[in-house]
$ cat query-v6.cif   # mmCIF, C-alpha atoms
data_model
loop_
_atom_site.label_atom_id
_atom_site.label_comp_id
_atom_site.auth_asym_id
_atom_site.auth_seq_id
_atom_site.Cartn_x
_atom_site.Cartn_y
_atom_site.Cartn_z
CA MET A 8 -175.21 -66.13 -65.26
CA ASN A 9 -177.78 -65.37 -62.62
CA SER A 10 -177.53 -68.10 -59.98
CA SER A 11 -181.25 -68.07 -59.17
CA VAL A 12 -181.99 -69.18 -62.73
CA VAL A 13 -179.70 -72.18 -62.27
CA ILE A 14 -181.52 -73.11 -59.06
CA ASN A 15 -184.89 -72.84 -60.76
CA ILE A 16 -183.78 -75.14 -63.55
CA THR A 17 -182.46 -77.67 -61.05
CA ARG A 18 -185.73 -77.62 -59.13
CA LYS A 19 -187.73 -78.18 -62.28
CA ARG A 20 -185.80 -81.33 -63.01
CA GLU A 21 -186.69 -82.89 -59.65
CA ASN A 22 -189.93 -84.81 -59.63
CA PRO A 23 -192.19 -83.33 -56.98
CA PRO A 24 -193.90 -86.05 -54.92
CA THR A 25 -197.17 -87.18 -56.43
CA GLU A 26 -200.17 -85.72 -54.66
CA TRP A 27 -202.80 -88.02 -53.23
CA ARG A 28 -205.99 -86.91 -51.53
CA LEU A 29 -206.40 -87.16 -47.75
CA LEU A 30 -209.99 -87.19 -46.52
CA PRO A 31 -210.95 -85.75 -43.11
CA LEU A 32 -211.44 -88.20 -40.21
CA ARG A 33 -214.98 -89.54 -40.56
CA VAL A 34 -217.33 -91.28 -38.17
CA ASP A 35 -219.98 -93.31 -40.00
CA ASN A 36 -222.01 -96.44 -39.64
CA ALA A 37 -220.66 -99.61 -41.26
CA PHE A 38 -222.85 -99.48 -44.37
CA MET A 39 -221.81 -95.94 -45.17
CA SER A 40 -218.12 -96.70 -44.59
CA MET A 41 -218.15 -99.81 -46.78
CA ALA A 42 -220.02 -97.87 -49.47
CA ILE A 43 -217.43 -95.07 -49.40
CA ASP A 44 -214.58 -97.55 -49.83
CA GLU A 45 -216.22 -99.32 -52.76
CA ALA A 46 -217.29 -96.06 -54.44
CA LEU A 47 -213.74 -94.69 -54.23
CA LEU A 48 -212.34 -97.95 -55.64
CA LYS A 49 -214.78 -97.97 -58.55
CA LEU A 50 -214.41 -94.30 -59.42
CA ASN A 51 -210.62 -94.47 -59.04
CA ALA A 52 -210.60 -97.31 -61.57
CA GLU A 53 -212.69 -95.18 -63.92
CA GLY A 54 -210.24 -92.29 -63.56
CA LYS A 55 -212.84 -90.16 -61.75
CA SER A 56 -211.39 -90.28 -58.22
CA PRO A 57 -207.82 -89.51 -57.22
CA ASN A 58 -205.66 -91.93 -55.26
CA THR A 59 -206.90 -91.45 -51.71
CA VAL A 60 -206.02 -92.19 -48.10
CA ARG A 61 -208.66 -91.91 -45.42
CA PHE A 62 -209.15 -92.65 -41.72
CA TRP A 63 -212.44 -93.38 -40.04
CA ARG A 64 -214.28 -94.83 -37.06
CA TRP A 65 -217.29 -97.13 -36.77
CA LEU A 66 -220.43 -95.80 -35.07
CA PRO A 67 -222.07 -97.91 -33.81
CA SER A 68 -219.32 -100.45 -33.19
CA THR A 69 -219.52 -103.18 -35.82
CA VAL A 70 -218.51 -106.71 -36.66
CA SER A 71 -217.32 -106.93 -40.25
CA ILE A 72 -216.95 -110.30 -41.95
CA GLY A 73 -214.76 -111.20 -44.91
CA CYS A 74 -216.42 -111.50 -48.31
CA PHE A 75 -216.10 -115.31 -48.28
CA GLN A 76 -217.44 -115.88 -44.79
CA ASN A 77 -220.79 -117.19 -43.66
CA VAL A 78 -222.25 -114.71 -41.18
CA GLU A 79 -224.07 -117.26 -39.05
CA ARG A 80 -220.96 -119.36 -38.71
CA GLU A 81 -218.81 -116.43 -37.61
CA VAL A 82 -220.99 -113.99 -35.67
CA ASP A 83 -223.27 -114.35 -32.65
CA LEU A 84 -226.11 -112.28 -34.11
CA GLY A 85 -228.02 -112.40 -30.81
CA ALA A 86 -225.08 -110.84 -28.98
CA ALA A 87 -224.71 -108.22 -31.72
CA LYS A 88 -228.36 -107.26 -31.29
CA LYS A 89 -228.02 -107.19 -27.51
CA TYR A 90 -225.07 -104.77 -27.64
CA GLY A 91 -226.38 -102.65 -30.53
CA VAL A 92 -223.50 -103.74 -32.74
CA ASP A 93 -224.01 -103.66 -36.52
CA VAL A 94 -222.86 -106.52 -38.74
CA VAL A 95 -221.63 -106.01 -42.30
CA ARG A 96 -220.01 -108.05 -45.07
CA ARG A 97 -216.88 -106.49 -46.61
CA ILE A 98 -215.86 -106.72 -50.27
CA THR A 99 -212.42 -107.79 -49.08
CA GLY A 100 -211.44 -111.29 -47.97
CA GLY A 101 -210.04 -112.21 -44.59
CA GLY A 102 -211.71 -112.80 -41.27
CA ALA A 103 -214.35 -111.40 -38.94
CA VAL A 104 -213.30 -108.31 -36.99
CA PHE A 105 -214.91 -106.46 -34.10
CA HIS A 106 -214.47 -102.73 -34.76
CA ASP A 107 -214.81 -100.93 -31.44
CA TYR A 108 -215.84 -97.28 -31.77
CA ASP A 109 -213.79 -96.33 -28.73
CA GLY A 110 -210.78 -98.48 -29.49
CA GLU A 111 -210.01 -98.59 -33.21
CA LEU A 112 -208.90 -96.23 -35.92
CA THR A 113 -209.50 -97.66 -39.39
CA TYR A 114 -207.71 -96.67 -42.58
CA SER A 115 -208.30 -97.13 -46.30
CA VAL A 116 -205.90 -96.67 -49.19
CA ILE A 117 -207.34 -96.54 -52.69
CA CYS A 118 -205.00 -96.29 -55.67
CA ARG A 119 -204.34 -97.43 -59.19
CA GLN A 120 -203.05 -100.98 -59.37
CA ASP A 121 -199.90 -99.93 -61.23
CA GLY A 122 -198.98 -97.89 -58.15
CA VAL A 123 -198.31 -101.04 -56.10
CA PRO A 124 -196.32 -104.22 -56.79
CA ASP A 125 -198.21 -106.90 -58.71
CA ASP A 126 -197.06 -109.43 -56.12
CA ILE A 127 -199.76 -109.58 -53.44
CA ILE A 128 -197.48 -109.92 -50.43
CA GLY A 129 -195.30 -107.14 -51.86
CA SER A 130 -198.27 -104.81 -52.19
CA TYR A 131 -199.40 -105.49 -48.61
CA GLU A 132 -195.85 -104.82 -47.48
CA LEU A 133 -195.74 -101.47 -49.29
CA ILE A 134 -199.03 -100.18 -47.90
CA CYS A 135 -198.53 -101.67 -44.42
CA GLY A 136 -195.18 -99.88 -44.51
CA GLY A 137 -197.14 -96.68 -43.93
CA LEU A 138 -198.54 -98.13 -40.73
CA VAL A 139 -195.13 -99.43 -39.63
CA ARG A 140 -193.69 -95.92 -39.96
CA GLY A 141 -196.75 -94.46 -38.27
CA PHE A 142 -196.34 -96.74 -35.25
CA GLU A 143 -192.66 -95.78 -35.15
CA ARG A 144 -193.65 -92.11 -34.98
CA LEU A 145 -195.76 -92.99 -31.95
CA GLY A 146 -192.66 -94.48 -30.36
CA LEU A 147 -193.27 -98.16 -31.11
CA ARG A 148 -190.99 -100.49 -33.02
CA ALA A 149 -193.24 -102.20 -35.56
CA ASP A 150 -192.76 -104.64 -38.41
CA PHE A 151 -194.75 -106.15 -41.26
CA LYS A 152 -195.88 -109.74 -40.77
CA PRO A 153 -197.02 -111.43 -44.00
CA LEU A 154 -199.58 -111.72 -45.27
CA ASN A 155 -201.48 -108.78 -43.90
CA ASP A 156 -200.53 -107.88 -40.33
CA VAL A 157 -198.36 -105.34 -38.56
CA GLN A 158 -196.89 -106.34 -35.23
CA VAL A 159 -195.22 -104.67 -32.28
CA ASN A 160 -193.05 -106.76 -29.96
CA GLY A 161 -194.15 -109.85 -31.88
CA LYS A 162 -197.85 -109.17 -31.27
CA LYS A 163 -200.45 -108.16 -33.85
CA ILE A 164 -201.47 -104.51 -33.61
CA SER A 165 -203.03 -104.06 -37.06
CA GLY A 166 -204.71 -106.30 -39.65
CA SER A 167 -205.52 -105.39 -43.25
CA ALA A 168 -207.48 -106.71 -46.20
CA GLN A 169 -207.05 -105.88 -49.85
CA THR A 170 -209.05 -106.24 -53.03
CA ARG A 171 -208.11 -105.47 -56.61
CA ARG A 172 -210.92 -104.68 -58.97
CA TRP A 173 -211.31 -102.95 -62.30
CA GLY A 174 -207.63 -101.89 -62.31
CA SER A 175 -207.48 -100.33 -58.86
CA VAL A 176 -206.61 -101.47 -55.35
CA LEU A 177 -208.45 -100.96 -52.08
CA GLN A 178 -206.69 -101.85 -48.88
CA HIS A 179 -208.35 -101.17 -45.55
CA GLY A 180 -207.45 -102.23 -42.06
CA THR A 181 -207.37 -101.67 -38.35
CA VAL A 182 -205.13 -99.72 -36.03
CA LEU A 183 -205.79 -101.09 -32.55
CA ILE A 184 -205.74 -98.30 -29.99
CA SER A 185 -207.68 -99.83 -27.07
CA PRO A 186 -210.34 -102.33 -28.25
CA ASP A 187 -212.55 -104.28 -25.84
CA VAL A 188 -211.20 -107.81 -26.35
CA ARG A 189 -213.69 -109.49 -24.04
CA ARG A 190 -216.61 -107.97 -25.98
CA MET A 191 -214.97 -109.16 -29.18
CA PHE A 192 -215.16 -112.77 -28.00
CA GLU A 193 -218.80 -112.42 -27.06
CA LEU A 194 -219.57 -111.31 -30.62
CA LEU A 195 -217.38 -113.64 -32.67
CA LYS A 196 -218.16 -117.33 -32.67
CA VAL A 197 -215.19 -118.91 -31.08
CA SER A 198 -215.90 -122.38 -29.72
CA PRO A 199 -217.37 -121.79 -26.20
CA GLU A 200 -214.65 -123.73 -24.38
CA LYS A 201 -212.16 -121.26 -25.77
CA ILE A 202 -213.73 -118.25 -24.07
CA SER A 203 -211.99 -119.07 -20.82
CA ASP A 204 -209.72 -116.74 -18.90
CA LYS A 205 -206.86 -118.91 -20.12
CA PHE A 206 -207.84 -118.39 -23.75
CA ILE A 207 -208.27 -114.66 -23.31
CA ALA A 208 -204.85 -114.58 -21.66
CA SER A 209 -203.41 -116.34 -24.72
CA VAL A 210 -204.98 -113.69 -26.96
CA PHE A 211 -203.19 -111.04 -24.93
CA GLU A 212 -199.97 -112.84 -25.80
CA ARG A 213 -200.69 -112.62 -29.54
CA VAL A 214 -202.51 -109.29 -29.92
CA THR A 215 -201.59 -105.91 -28.53
CA THR A 216 -202.80 -102.31 -28.66
CA ILE A 217 -201.23 -98.87 -28.75
CA GLU A 218 -202.56 -98.14 -25.26
CA ARG A 219 -200.96 -101.26 -23.85
CA GLU A 220 -197.61 -100.69 -25.54
CA LEU A 221 -197.38 -97.00 -24.68
CA GLY A 222 -198.95 -97.20 -21.23
CA GLN A 223 -201.41 -94.46 -22.23
CA LYS A 224 -204.13 -93.91 -24.79
CA PRO A 225 -203.27 -91.32 -27.44
CA SER A 226 -206.05 -89.35 -29.14
CA PHE A 227 -207.47 -90.51 -32.46
CA GLU A 228 -206.14 -87.35 -34.10
CA GLU A 229 -202.65 -88.04 -32.76
CA VAL A 230 -202.66 -91.58 -34.14
CA ARG A 231 -204.09 -90.36 -37.44
CA GLY A 232 -201.40 -87.68 -37.71
CA ALA A 233 -198.65 -90.25 -37.22
CA MET A 234 -200.17 -92.59 -39.81
CA VAL A 235 -200.59 -89.76 -42.35
CA LYS A 236 -196.85 -89.04 -42.15
CA GLY A 237 -196.14 -92.76 -42.25
CA PHE A 238 -198.10 -93.24 -45.47
CA GLU A 239 -196.47 -90.19 -47.07
CA GLU A 240 -193.04 -91.67 -46.39
CA ALA A 241 -193.83 -95.26 -47.32
CA LEU A 242 -195.76 -94.42 -50.49
CA GLY A 243 -193.53 -91.50 -51.49
CA VAL A 244 -196.51 -89.20 -51.92
CA LYS A 245 -197.78 -85.91 -50.54
CA LEU A 246 -201.22 -86.18 -48.93
CA THR A 247 -203.35 -83.12 -49.53
CA GLU A 248 -206.59 -82.51 -47.65
CA GLY A 249 -209.70 -82.85 -49.80
CA ASP A 250 -213.34 -83.83 -49.56
CA LEU A 251 -215.59 -86.39 -51.20
CA THR A 252 -217.01 -85.13 -54.49
CA GLY A 253 -220.68 -84.97 -55.43
CA GLU A 254 -220.19 -87.83 -57.87
CA GLU A 255 -218.61 -89.97 -55.17
CA LEU A 256 -221.40 -89.23 -52.68
CA GLU A 257 -224.01 -90.18 -55.28
CA LEU A 258 -222.45 -93.61 -55.80
CA VAL A 259 -221.99 -94.00 -52.02
CA GLU A 260 -225.71 -93.51 -51.57
CA GLN A 261 -226.52 -96.35 -54.00
CA LEU A 262 -223.94 -98.73 -52.55
CA ARG A 263 -224.98 -98.04 -48.97
CA LEU A 264 -228.29 -99.81 -49.61
CA LYS A 265 -226.44 -102.92 -50.81
CA TYR A 266 -224.30 -103.10 -47.68
CA ALA A 267 -227.33 -102.62 -45.42
CA SER A 268 -229.30 -105.38 -47.17
CA GLU A 269 -229.99 -108.81 -45.72
CA GLU A 270 -229.24 -110.28 -49.15
CA TRP A 271 -225.66 -109.00 -49.12
CA LEU A 272 -225.08 -109.99 -45.49
CA LYS A 273 -226.28 -113.55 -46.12
CA LYS A 274 -224.67 -113.84 -49.55
CA ARG A 275 -222.58 -116.88 -48.55
CA MET B 16 -224.51 -133.37 -45.71
CA GLY B 17 -220.84 -133.23 -44.68
CA TYR B 18 -219.02 -130.33 -43.05
CA ALA B 19 -215.37 -129.83 -42.23
CA GLU B 20 -212.76 -127.14 -41.68
CA PHE B 21 -209.11 -127.10 -42.59
CA LYS B 22 -206.60 -124.50 -41.45
CA ALA B 23 -204.31 -123.43 -44.28
CA PRO B 24 -201.25 -121.24 -43.56
CA LYS B 25 -203.44 -118.17 -44.22
CA GLY B 26 -207.07 -118.83 -43.50
CA VAL B 27 -209.48 -121.53 -42.47
CA ILE B 28 -211.30 -123.23 -45.36
CA LYS B 29 -214.85 -124.31 -44.43
CA VAL B 30 -216.59 -126.86 -46.65
CA GLU B 31 -220.19 -127.98 -46.67
CA LEU B 32 -221.10 -130.63 -49.26
CA GLU B 33 -223.50 -133.28 -50.39
CA LEU B 34 -222.46 -136.43 -52.18
CA SER B 35 -224.20 -138.60 -54.68
CA GLY B 36 -222.26 -141.83 -54.28
CA ASP B 37 -218.63 -140.73 -54.49
CA VAL B 38 -219.39 -137.62 -56.51
CA ILE B 39 -219.96 -134.07 -55.22
CA SER B 40 -223.52 -132.95 -55.96
CA LEU B 41 -223.54 -129.73 -53.94
CA ILE B 42 -220.70 -127.75 -52.35
CA SER B 43 -220.38 -124.49 -50.49
CA LEU B 44 -217.00 -123.00 -49.59
CA SER B 45 -216.43 -120.25 -47.04
CA GLY B 46 -213.73 -118.95 -44.72
CA ASP B 47 -211.29 -116.17 -43.97
CA PHE B 48 -208.85 -116.74 -46.83
CA PHE B 49 -208.12 -114.30 -49.68
CA MET B 50 -208.83 -115.04 -53.34
CA TYR B 51 -208.20 -112.78 -56.34
CA PRO B 52 -210.43 -112.26 -58.19
CA GLU B 53 -213.10 -112.75 -55.53
CA ASP B 54 -215.78 -113.88 -58.00
CA ALA B 55 -213.68 -116.94 -58.73
CA LEU B 56 -214.84 -118.75 -55.60
CA GLU B 57 -218.24 -119.38 -57.19
CA GLU B 58 -216.46 -120.78 -60.21
CA LEU B 59 -214.47 -123.13 -57.98
CA GLU B 60 -217.73 -124.42 -56.48
CA ARG B 61 -219.15 -124.99 -59.98
CA THR B 62 -215.95 -126.76 -61.05
CA LEU B 63 -216.17 -129.15 -58.11
CA VAL B 64 -219.73 -130.32 -58.71
CA GLY B 65 -219.57 -133.70 -60.46
CA VAL B 66 -216.01 -134.42 -59.29
CA ARG B 67 -215.23 -137.72 -57.51
CA THR B 68 -214.02 -137.28 -53.95
CA ASP B 69 -210.66 -138.97 -54.27
CA ARG B 70 -207.46 -137.01 -53.80
CA GLY B 71 -206.31 -137.33 -57.42
CA SER B 72 -209.57 -136.21 -59.04
CA LEU B 73 -210.00 -133.31 -56.63
CA LEU B 74 -206.45 -132.07 -57.05
CA GLU B 75 -206.74 -132.20 -60.82
CA ALA B 76 -210.01 -130.21 -60.74
CA VAL B 77 -208.66 -127.58 -58.35
CA ARG B 78 -205.43 -127.16 -60.32
CA ARG B 79 -207.41 -126.82 -63.54
CA PHE B 80 -209.44 -124.08 -61.88
CA TYR B 81 -206.29 -122.19 -60.80
CA ASP B 82 -204.76 -122.41 -64.28
CA SER B 83 -207.85 -121.42 -66.22
CA MET B 84 -208.85 -118.45 -64.07
CA GLY B 85 -205.38 -117.09 -63.23
CA VAL B 86 -206.52 -117.20 -59.61
CA ARG B 87 -204.27 -116.18 -56.74
CA THR B 88 -204.80 -117.26 -53.13
CA PRO B 89 -201.84 -116.04 -51.08
CA MET B 90 -200.61 -118.70 -48.64
CA VAL B 91 -203.37 -121.13 -49.65
CA GLU B 92 -202.47 -123.92 -52.10
CA PRO B 93 -204.62 -126.31 -54.20
CA GLU B 94 -203.72 -129.13 -51.77
CA HIS B 95 -205.37 -127.21 -48.92
CA TRP B 96 -208.75 -127.11 -50.68
CA VAL B 97 -208.45 -130.82 -51.41
CA GLU B 98 -207.69 -131.60 -47.77
CA ALA B 99 -210.71 -129.61 -46.59
CA ILE B 100 -213.01 -131.28 -49.13
CA LEU B 101 -211.76 -134.79 -48.28
CA ARG B 102 -212.48 -134.15 -44.61
CA ALA B 103 -216.02 -132.95 -45.37
CA ALA B 104 -216.62 -135.91 -47.69
CA GLY B 105 -215.30 -138.31 -45.04
CA GLY B 106 -217.77 -136.87 -42.54
CA SER B 107 -220.73 -137.19 -44.86
CA ARG B 108 -220.29 -140.89 -45.62
#

$ encode --input "query-v6.cif" --output "structure tokens"
Amino acid sequence: MNSSVVINITRKRENPPTEWRLLPLRVDNAFMSMAIDEALLKLNAEGKSPNTVRFWRWLPSTVSIGCFQNVEREVDLGAAKKYGVDVVRRITGGGAVFHDYDGELTYSVICRQDGVPDDIIGSYELICGGLVRGFERLGLRADFKPLNDVQVNGKKISGSAQTRRWGSVLQHGTVLISPDVRRMFELLKVSPEKISDKFIASVFERVTTIERELGQKPSFEEVRGAMVKGFEEALGVKLTEGDLTGEELELVEQLRLKYASEEWLKKR
Amino acid sequence: MGYAEFKAPKGVIKVELELSGDVISLISLSGDFFMYPEDALEELERTLVGVRTDRGSLLEAVRRFYDSMGVRTPMVEPEHWVEAILRAAGGSR
């Protein structure tokens, strides 16, 4: 028997890794980015969009609030205006986050719900596992901290938020490269007595960044490359470059108006 | 009008309410917790209107809400909502 035939048969029996789409690194304003995430979630649920991983940055820098938060309680809107920072409500729960254009890479994973554990903590752990492996590729020892954080040396370096709608899952979150922490406290409403040097020092004990841990700031592409490999390993998939489809962009355009509206921002 | 916050293991629950005697007449919940499905929070607010602000009545109403909606709030328990509401009610009296 010809040995190459045997090899071919063996190969056929192995399941090739499932292919997911990887979108190019995007830079968008907050309303566009939130609209892309929701459009991908909705169309994925309808079977019209593939499971997708994407990385992006916020321009201008933005404060996002969780879907259950009250914007006036959480954000100093005067400071946001002063610094040209946009403010947007997410469709995911969780807290207010300052997304610094120069200091944060953001990721989104959109997939069918049956692709992740039903257990919520378990599903965060699976997806955050991609980040953990990505940080390891950058030379950092990272671990998952329930519910939704990744930490390095016991300090938070990434926070995520997840929603499940219509049969699909969207999880998005931060990868802190070198955010401006002092600016963050000017924008988020922390009780004024807390914004002391002592308080900021205590934040540095609980939160860290890639720049601080490595002693240098890697490029966004370098961090993205590490995270791409990390997600491939953790999710057991092959990420293949692709672009947004016309159908997706059409829905994005509709949803963008919702995210930019005062009504949505002040919903709660 | 009463307002209070309570820090649950995952998230701060913020409650604003109005009472009519001992009974909730208006309530607004916000905070940085997670709830699946998200729409359920409005249902929780509706459920709480008309409920007496004693621990037993509140806990019964919140538990009923969890059971009927199949709601999940990781690391936030029915008791945490009750604690937040009792604090806000205490402040409004």

$ residues_near_point --input "query-v6.cif" --point "(-221.9, -94.6, -45.2)" --cutoff "10 Å" --atoms "all atoms listed in the file" --output "list of chain:residue names"
A:Arg33, A:Val34, A:Asp35, A:Asn36, A:Ala37, A:Phe38, A:Met39, A:Ser40, A:Met41, A:Ala42, A:Ile43, A:Asp44, A:Trp65, A:Leu256, A:Val259, A:Glu260, A:Leu262, A:Arg263, A:Leu264, A:Tyr266, A:Ala267

$ closest_residue --input "query-v6.cif" --among "B:Thr68, B:Ser40, B:Ser83, B:Ser45" --to "chain A" --atoms "only C-alpha atoms"
B:Ser45

$ residues_around --input "query-v6.cif" --residues "Ala23 (chain B)" --least-positions-apart "2" --cutoff "9 Å" --atoms "only C-alpha atoms" --output "PyMOL selection string"
chain B and resi 21+25-28+48+90-92+95-96

$ interface_residues --input "query-v6.cif" --of "chain A" --to "chain B" --cutoff "8 Å" --atoms "only C-alpha atoms" --output "ChimeraX atom specification"
/A:73,75-77,99-103,127-128,154,170-172,275

$ residues_near_point --input "query-v6.cif" --point "(-203.6, -101.4, -33.1)" --cutoff "9 Å" --atoms "only C-alpha atoms" --output "JSON, numbers by chain"
{"A": [110, 111, 112, 142, 157, 158, 163, 164, 165, 166, 181, 182, 183, 184, 185, 186, 214, 215, 216, 217, 218]}

$ closest_residue --input "query-v6.cif" --among "A:Leu133, A:Leu32, A:Leu251, A:Val244" --to "Gly232 (chain A)" --atoms "all atoms listed in the file"
A:Leu32

$ residues_around --input "query-v6.cif" --residues "Lys196 (chain A)" --least-positions-apart "5" --cutoff "9 Å" --atoms "all atoms listed in the file" --output "number ranges by chain"
A: 79-83

$ axis_aligned_box --input "query-v6.cif" --around "region 76-87 of chain A" --padding-each-side "4 Å" --output "lines of an AutoDock Vina configuration file"
center_x = -222.7
center_y = -113.8
center_z = -36.9
size_x = 18.6
size_y = 19.1
size_z = 23.8

$ atom_distance --input "query-v6.cif" --atom1 "CA of Phe206 (chain A)" --atom2 "CA of Phe192 (chain A)"
10.2 Å

$ residues_around --input "query-v6.cif" --residues "Glu193 (chain A)" --least-positions-apart "5" --cutoff "12 Å" --atoms "all atoms listed in the file" --output "NGL selection string"
:A and (70 or 81-90 or 92 or 105 or 187-188 or 198-199 or 201-203 or 207)

$ residues_around --input "query-v6.cif" --residues "Ala19 (chain B)" --least-positions-apart "5" --cutoff "9 Å" --atoms "all atoms listed in the file" --output "list in words"
Ile28, Lys29, Val30, Glu31, Ala99, Ile100, Leu101, Arg102, Ala103, Ala104, Gly105 and Gly106 of chain B

$ resolve_selection --input "query-v6.cif" --expression "the PyMOL selection byres ((chain A and resi 150-153) around 9)" --output "list in words"
Ile128, Tyr131, Glu132, Cys135, Gly136, Leu138, Val139, Arg140, Arg148, Ala149, Leu154, Asn155, Asp156, Val157, Gln158, Val159, Asn160, Gly161 and Lys163 of chain A

$ resolve_selection --input "query-v6.cif" --expression "the PyMOL selection byres ((chain A and resi 245) around 8)" --output "PyMOL selection string"
chain A and resi 24-27+239+243-244+246-247

$ residues_around --input "query-v6.cif" --residues "Glu94 (chain B)" --least-positions-apart "5" --cutoff "9 Å" --atoms "only C-alpha atoms" --output "PyMOL selection string"
chain B and resi 70+73-74+77-78+99

$ resolve_selection --input "query-v6.cif" --expression "the PyMOL selection byres ((chain B and resi 80) around 10)" --output "mmCIF file with C-alpha atoms, in the frame of the given file"
data_model
loop_
_atom_site.group_PDB
_atom_site.id
_atom_site.type_symbol
_atom_site.label_atom_id
_atom_site.label_comp_id
_atom_site.auth_asym_id
_atom_site.auth_seq_id
_atom_site.Cartn_x
_atom_site.Cartn_y
_atom_site.Cartn_z
ATOM 1 C CA ALA B 55 -213.680 -116.940 -58.730
ATOM 2 C CA LEU B 56 -214.840 -118.750 -55.600
ATOM 3 C CA GLU B 58 -216.460 -120.780 -60.210
ATOM 4 C CA LEU B 59 -214.470 -123.130 -57.980
ATOM 5 C CA GLU B 60 -217.730 -124.420 -56.480
ATOM 6 C CA ARG B 61 -219.150 -124.990 -59.980
ATOM 7 C CA THR B 62 -215.950 -126.760 -61.050
ATOM 8 C CA LEU B 63 -216.170 -129.150 -58.110
ATOM 9 C CA LEU B 74 -206.450 -132.070 -57.050
ATOM 10 C CA GLU B 75 -206.740 -132.200 -60.820
ATOM 11 C CA ALA B 76 -210.010 -130.210 -60.740
ATOM 12 C CA VAL B 77 -208.660 -127.580 -58.350
ATOM 13 C CA ARG B 78 -205.430 -127.160 -60.320
ATOM 14 C CA ARG B 79 -207.410 -126.820 -63.540
ATOM 15 C CA TYR B 81 -206.290 -122.190 -60.800
ATOM 16 C CA ASP B 82 -204.760 -122.410 -64.280
ATOM 17 C CA SER B 83 -207.850 -121.420 -66.220
ATOM 18 C CA MET B 84 -208.850 -118.450 -64.070
ATOM 19 C CA GLY B 85 -205.380 -117.090 -63.230
ATOM 20 C CA VAL B 86 -206.520 -117.200 -59.610
ATOM 21 C CA PRO B 93 -204.620 -126.310 -54.200
#

$ atom_distance --input "query-v6.cif" --atom1 "CA of Pro225 (chain A)" --atom2 "CA of Val60 (chain A)"
20.9 Å

$ decode --input "query-v6.cif" --residues "region 179-191 of chain A" --atoms "N, CA and C atoms" --output "tab-separated table (two decimals), in the first residue's frame"
chain	number	residue	atom	x	y	z
A	179	HIS	N	-15.98	42.04	25.70
A	179	HIS	CA	-14.95	43.00	25.32
A	179	HIS	C	-14.23	43.47	26.58
A	180	GLY	N	-13.02	43.98	26.39
A	180	GLY	CA	-12.27	44.39	27.57
A	180	GLY	C	-10.97	45.09	27.23
A	181	THR	N	-10.29	45.49	28.28
A	181	THR	CA	-9.11	46.33	28.14
A	181	THR	C	-7.83	45.53	28.28
A	182	VAL	N	-6.80	46.00	27.60
A	182	VAL	CA	-5.44	45.54	27.83
A	182	VAL	C	-4.66	46.81	28.13
A	183	LEU	N	-4.24	46.96	29.39
A	183	LEU	CA	-3.63	48.23	29.80
A	183	LEU	C	-2.16	48.24	29.42
A	184	ILE	N	-1.82	49.12	28.49
A	184	ILE	CA	-0.43	49.23	28.05
A	184	ILE	C	0.26	50.36	28.83
A	185	SER	N	-0.31	51.55	28.80
A	185	SER	CA	0.29	52.67	29.56
A	185	SER	C	-0.74	53.79	29.76
A	186	PRO	N	-1.87	53.50	30.41
A	186	PRO	CA	-2.92	54.52	30.54
A	186	PRO	C	-2.53	55.63	31.53
A	187	ASP	N	-3.14	56.79	31.33
A	187	ASP	CA	-2.90	57.95	32.19
A	187	ASP	C	-3.85	57.86	33.40
A	188	VAL	N	-3.33	57.34	34.50
A	188	VAL	CA	-4.17	57.06	35.67
A	188	VAL	C	-4.68	58.36	36.33
A	189	ARG	N	-3.83	59.37	36.34
A	189	ARG	CA	-4.24	60.63	36.95
A	189	ARG	C	-5.42	61.25	36.19
A	190	ARG	N	-5.36	61.20	34.86
A	190	ARG	CA	-6.46	61.70	34.04
A	190	ARG	C	-7.74	60.90	34.32
A	191	MET	N	-7.56	59.60	34.48
A	191	MET	CA	-8.70	58.73	34.77
A	191	MET	C	-9.45	59.23	36.01
